[in-house]
Every structure is written in structure tokens, then in C-alpha cells.
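One structure is given below, encoded as C-alpha cells.
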Amino acid sequence: MTAPTAPAHVVVDIEGTTSATGFITEQLYPYSRKHFARVIEQRGDEAEIARAVAAVRDHLGDPGAGTDVVVAQLNGWLDRDEKATPLKTLQGVIWAEGFASGELTSHFYPDAIPALRAWHAAGHRLYVYSSGSVSAQLAWFGHSAEGSLLPLFSGHFDTENAGPKKTAASYHAIAAALGEDDAARFVFFSDLVDELDAAREAGWHTVGVRRAGEPYFDRGVGTHPETDSFARVDLSGRQPVVAG
Ligand SMILES: CSCCC(=O)C(=O)COP(=O)(O)O
Ligand SMILES: [Mg+2]
């Protein structure tokens, strides 16, 4: 029998975990709202955009829905902060434009980047699993105040390539995509207890990130190990340890 080893795959959520939800809802959400119609009209032939628009029309049960109807649906999801995959896909495309032009920069809690760098330097492989689309993730991590963090990451997962975050099957899908048979080699960081429960059900280690001022702070993280900072998390042992 081989001895259990330290978690090798560190998977992080974005909103409420590496980054402030308020920054995303106050800066990125209005930016996407402003550009939905233009992107659909001007770039609607691109495969990713066409797929997302078709998914909105499917949802509406109206294959001929015009741009105004599609945009109304997108804005409705945005108003309710529903993490619908077509909304997230189109936001990702729009935000990528904003980051590329310099209109947007990403936000990270002060402890996040040093910890990500340290875990990467210690040999852990880092991944993102977020409701934000892979395009959005690439733009976000590619444009931090400290430059691109993308070299730290070995892969990106979203609700399109892995599935919904509150379902254990999605965590199994990520492990399968990475060719990792041992679920205990994963540790997932999130601010949302339902996501942590799903990861735990799949056999992963979990760390609940509970930062003051975040929307899910009062809800707590159930029985998952809890931290208010990445700096308190030690990943050198068989399971993550949060310093008291
Ligand atoms: C810049 S990435 C996009 C953030 C976003 O739209 C989102 O829904 C993130 O949610 P999560 O908590 O799953 O990271
Ligand atoms: Mg989150």
C-alpha cells in the first residue's frame, strides 16, 4: 500500500474566495450589461457567442428570438445573479474585451496571490473552478495588478466543461479530465457551502473561505475547515490544516 500524500491539485473558486464579490457585481456586471447587444450583433457569428445565444433562445423556447429579447433574458439573469451558463459565456467574452483594452482590472484579496504563488512553488498544481466562464477566468487571472497569474495555473473549469458547481458529478468530471484517480489529492476552496458539500461528496478535501463582508459570510461553511485568509492554510500534510 502506498502512503497517502499531500493534496496535489488545488482548485479555487473566484467570487468570495480569491476575490471580492462586490468588485465583480459593481464593476464587471454593469460592464457586461452595457455590451450584450453590441457583442451579439457584431460578433454573433463566432462559435462561442452563437452557441450561447442559441442556448438563450432554447431556454426561451423561441428559436427566432431577436437580440432585444435575448438581451432582456440575459439582464433578467443578471438582476437575479443567476449563474446561467449562456450568461456567463457572454460575460466572459465581453469582459475579455474590457481587460484587453485596459478598461477593467481584476481584484484579489491581499492574501490570495502570495498563497497561490507559494503553493505553486511548493509543487501543487493549481486550477480554477468557477461559474465564471473559462474566457472570463483567463481574462481575470491574466490581468491582476501584479500582472498575469496564468503561468501559475494548470487548468480552468467552468459550468460548461465540468458542469454545475453544486453537483458531485462535476468534481468527478474534473478529476477524470485531469486523469487523477485519487480524489483525496484534490482540495477545493470556496465560499459557498453547497459547492463544498458537492466536492466533499466526490471525495475531495475542502476549505471553506469565509471573508467578512462577503454575501455568504452569515451562512457559514458548515462542517468544512474554515478560513478567512489563504495565508492560514497549510497544504504540506495529508490534508489541509487551517492555523488557529
Ligand atoms: C471574473 S470571473 C467571473 C466571476 C463570475 O461571474 C462568477 O459568477 C464567479 O462565481 P464563482 O463564485 O463560481 O467564482
Ligand atoms: Mg464563490
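In the C-alpha cells, each chain is lettered A, B, ... as it comes, each chain's residues begin at 1, and ligands are numbered from 1 in order of appearance.
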
At most 7 Å from ligand 2 (only C-alpha atoms and all ligand atoms): residue list as an MDAnalysis selection string | chainID A and resid 13:17 190:192

With C-alpha atoms kept, could you save the residues just selected as a compact mmCIF listing (two decimals), in the first residue's frame?
```txt
# COMPACT_ATOMS: atom_id res chain seq x y z
CA ASP A 13 -13.34 29.40 -6.74
CA ILE A 14 -13.21 33.12 -7.60
CA GLU A 15 -16.11 35.19 -6.19
CA GLY A 16 -15.88 35.35 -2.41
CA THR A 17 -12.75 33.16 -2.41
CA SER A 190 -14.98 28.02 -1.97
CA ASP A 191 -17.17 30.48 -0.10
CA LEU A 192 -20.36 28.51 -0.78
```

Please identify the residues whose atoms come within 6 Å of ligand 1, using only C-alpha atoms and all ligand atoms, and report them as a ChimeraX atom specification.
-> /A:13-15,83,130-132,136-137,140

Would you save the residues from that selection as a PDB file, in the first residue's frame, using C-alpha atoms?
```
ATOM      1  CA  ASP A  13     -13.340  29.396  -6.740  1.00  0.00           C
ATOM      2  CA  ILE A  14     -13.215  33.118  -7.598  1.00  0.00           C
ATOM      3  CA  GLU A  15     -16.105  35.191  -6.192  1.00  0.00           C
ATOM      4  CA  LYS A  83     -25.266  31.793 -12.840  1.00  0.00           C
ATOM      5  CA  SER A 130     -15.811  28.964 -11.205  1.00  0.00           C
ATOM      6  CA  SER A 131     -19.253  29.833 -12.512  1.00  0.00           C
ATOM      7  CA  GLY A 132     -17.325  32.484 -14.441  1.00  0.00           C
ATOM      8  CA  ALA A 136     -13.656  35.182 -18.067  1.00  0.00           C
ATOM      9  CA  GLN A 137     -11.180  33.292 -15.892  1.00  0.00           C
ATOM     10  CA  TRP A 140      -9.386  37.802 -14.843  1.00  0.00           C
TER      11      TRP A 140
END
```

Lys34 in chain A surroundings by only C-alpha atoms, 12 Å radius, close-in-sequence under 5 positions cut, as a PyMOL selection string = chain A and resi 27-29+39-40+71+74-75+78+90-91+94-95+98

Take the residues just selected and output them with C-alpha atoms as a PDB file, in the first residue's frame.
```pdb
ATOM      1  CA  GLN A  27     -17.641  46.771 -11.913  1.00  0.00           C
ATOM      2  CA  LEU A  28     -17.936  43.737 -14.153  1.00  0.00           C
ATOM      3  CA  TYR A  29     -21.699  43.156 -14.147  1.00  0.00           C
ATOM      4  CA  VAL A  39     -21.425  41.793 -28.943  1.00  0.00           C
ATOM      5  CA  ILE A  40     -24.391  39.698 -30.109  1.00  0.00           C
ATOM      6  CA  VAL A  71     -30.677  40.676 -24.036  1.00  0.00           C
ATOM      7  CA  LEU A  74     -29.582  37.986 -20.034  1.00  0.00           C
ATOM      8  CA  ASN A  75     -30.376  41.095 -17.990  1.00  0.00           C
ATOM      9  CA  LEU A  78     -28.053  39.271 -14.163  1.00  0.00           C
ATOM     10  CA  LEU A  90     -21.263  36.058 -22.966  1.00  0.00           C
ATOM     11  CA  GLN A  91     -19.971  37.917 -19.910  1.00  0.00           C
ATOM     12  CA  ILE A  94     -17.306  40.887 -23.050  1.00  0.00           C
ATOM     13  CA  TRP A  95     -15.007  41.076 -20.040  1.00  0.00           C
ATOM     14  CA  GLY A  98     -12.590  45.072 -21.321  1.00  0.00           C
TER      15      GLY A  98
END
```

At most 12 Å is the cut-off: for each residue in range 30-111 of chain A with any atom that close to an atom of range 206-224 of chain A, write down the nearest atom pair and the distance in Å rounded to one decimal, counting only C-alpha atoms, chain first then increasing number, as a tab-separated table.
```
residue	atom	partner	partner_atom	distance
A:Asp81	CA	A:Pro215	CA	11.9
A:Tyr109	CA	A:Arg211	CA	9.6
A:Pro110	CA	A:Arg211	CA	12.0
A:Asp111	CA	A:Arg211	CA	11.4
```

Gly123 in chain A surroundings by only C-alpha atoms, 8 Å radius, close-in-sequence under 3 positions cut, as a PyMOL selection string | chain A and resi 8+119-120

State, in Å with one decimal place, the distance from CA of Thr105 in chain A to CA of Val193 in chain A.
-> 28.0 Å

Determine, counting only C-alpha atoms, which protein, DNA and RNA residues have an atom within 12 Å of an atom of Asp181 in chain A; residues of the same chain fewer than 5 positions away are not included. Present the result as a VMD selection string.
-> chain A and resid 9 171 to 176 186 202 to 204

Selection: 10 Å around Ala115 in chain A, only C-alpha atoms, excl. self and same-chain fewer than 5 positions, as a ChimeraX atom specification | /A:110,120-121,229-234

Output N, CA and C atoms for every residue in the selection just made, as an mmCIF file, in the first residue's frame.
```cif
data_model
loop_
_atom_site.group_PDB
_atom_site.id
_atom_site.type_symbol
_atom_site.label_atom_id
_atom_site.label_comp_id
_atom_site.auth_asym_id
_atom_site.auth_seq_id
_atom_site.Cartn_x
_atom_site.Cartn_y
_atom_site.Cartn_z
ATOM 1 N N PRO A 110 -5.695 40.482 -0.527
ATOM 2 C CA PRO A 110 -4.237 40.609 -0.375
ATOM 3 C C PRO A 110 -3.521 39.291 -0.092
ATOM 4 N N HIS A 120 2.097 27.084 -5.634
ATOM 5 C CA HIS A 120 2.666 26.695 -6.932
ATOM 6 C C HIS A 120 4.147 26.362 -6.769
ATOM 7 N N ALA A 121 4.858 27.217 -6.023
ATOM 8 C CA ALA A 121 6.300 26.994 -5.824
ATOM 9 C C ALA A 121 6.550 25.700 -5.054
ATOM 10 N N SER A 229 -8.577 33.595 5.429
ATOM 11 C CA SER A 229 -7.410 34.020 4.638
ATOM 12 C C SER A 229 -6.681 32.782 4.124
ATOM 13 N N PHE A 230 -6.219 32.852 2.886
ATOM 14 C CA PHE A 230 -5.413 31.746 2.353
ATOM 15 C C PHE A 230 -4.121 31.577 3.154
ATOM 16 N N ALA A 231 -3.659 32.693 3.779
ATOM 17 C CA ALA A 231 -2.365 32.664 4.473
ATOM 18 C C ALA A 231 -2.371 31.690 5.644
ATOM 19 N N ARG A 232 -3.549 31.364 6.144
ATOM 20 C CA ARG A 232 -3.632 30.473 7.314
ATOM 21 C C ARG A 232 -3.684 29.001 6.920
ATOM 22 N N VAL A 233 -3.661 28.708 5.635
ATOM 23 C CA VAL A 233 -3.873 27.324 5.191
ATOM 24 C C VAL A 233 -2.535 26.659 4.853
ATOM 25 N N ASP A 234 -2.300 25.541 5.518
ATOM 26 C CA ASP A 234 -1.077 24.759 5.294
ATOM 27 C C ASP A 234 -1.448 23.526 4.468
#
```

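Counting only C-alpha atoms, range 43-50 of chain A has the following residues at most 9 Å away, ignoring those fewer than 2 positions along the same chain: Arg38, Val39, Ile40, Glu41, Ala52, Val53, Ala54, Ala55, Pro86, Thr89, Leu90 and Val93 of chain A.
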
Please, which residues of range 36-164 of chain A, numbered as in this document, come out helix (DSSP H, G or I) from DSSP, as a PyMOL selection string?
-> chain A and resi 36-43+47-60+67-79+85-101+112-121+134-142+150-152

Nearest-residue call for Ser135 in chain A, choices A:Gly92, A:Pro114, A:Gly147, A:Gly163, using only C-alpha atoms = A:Gly92

When you draw a straight line from CA of Leu138 in chain A to CA of Ala122 in chain A, how long is it in Å?
-> 22.8 Å

Would you list, as a PyMOL selection string, the residues of range 55-181 of chain A that end up in strand (DSSP E or B) under DSSP run on this structure's backbone?
-> chain A and resi 125-129+144+147+153-157

One decimal place gives the CA of Ala177 in chain A-CA of Asp158 in chain A separation as 12.6 Å
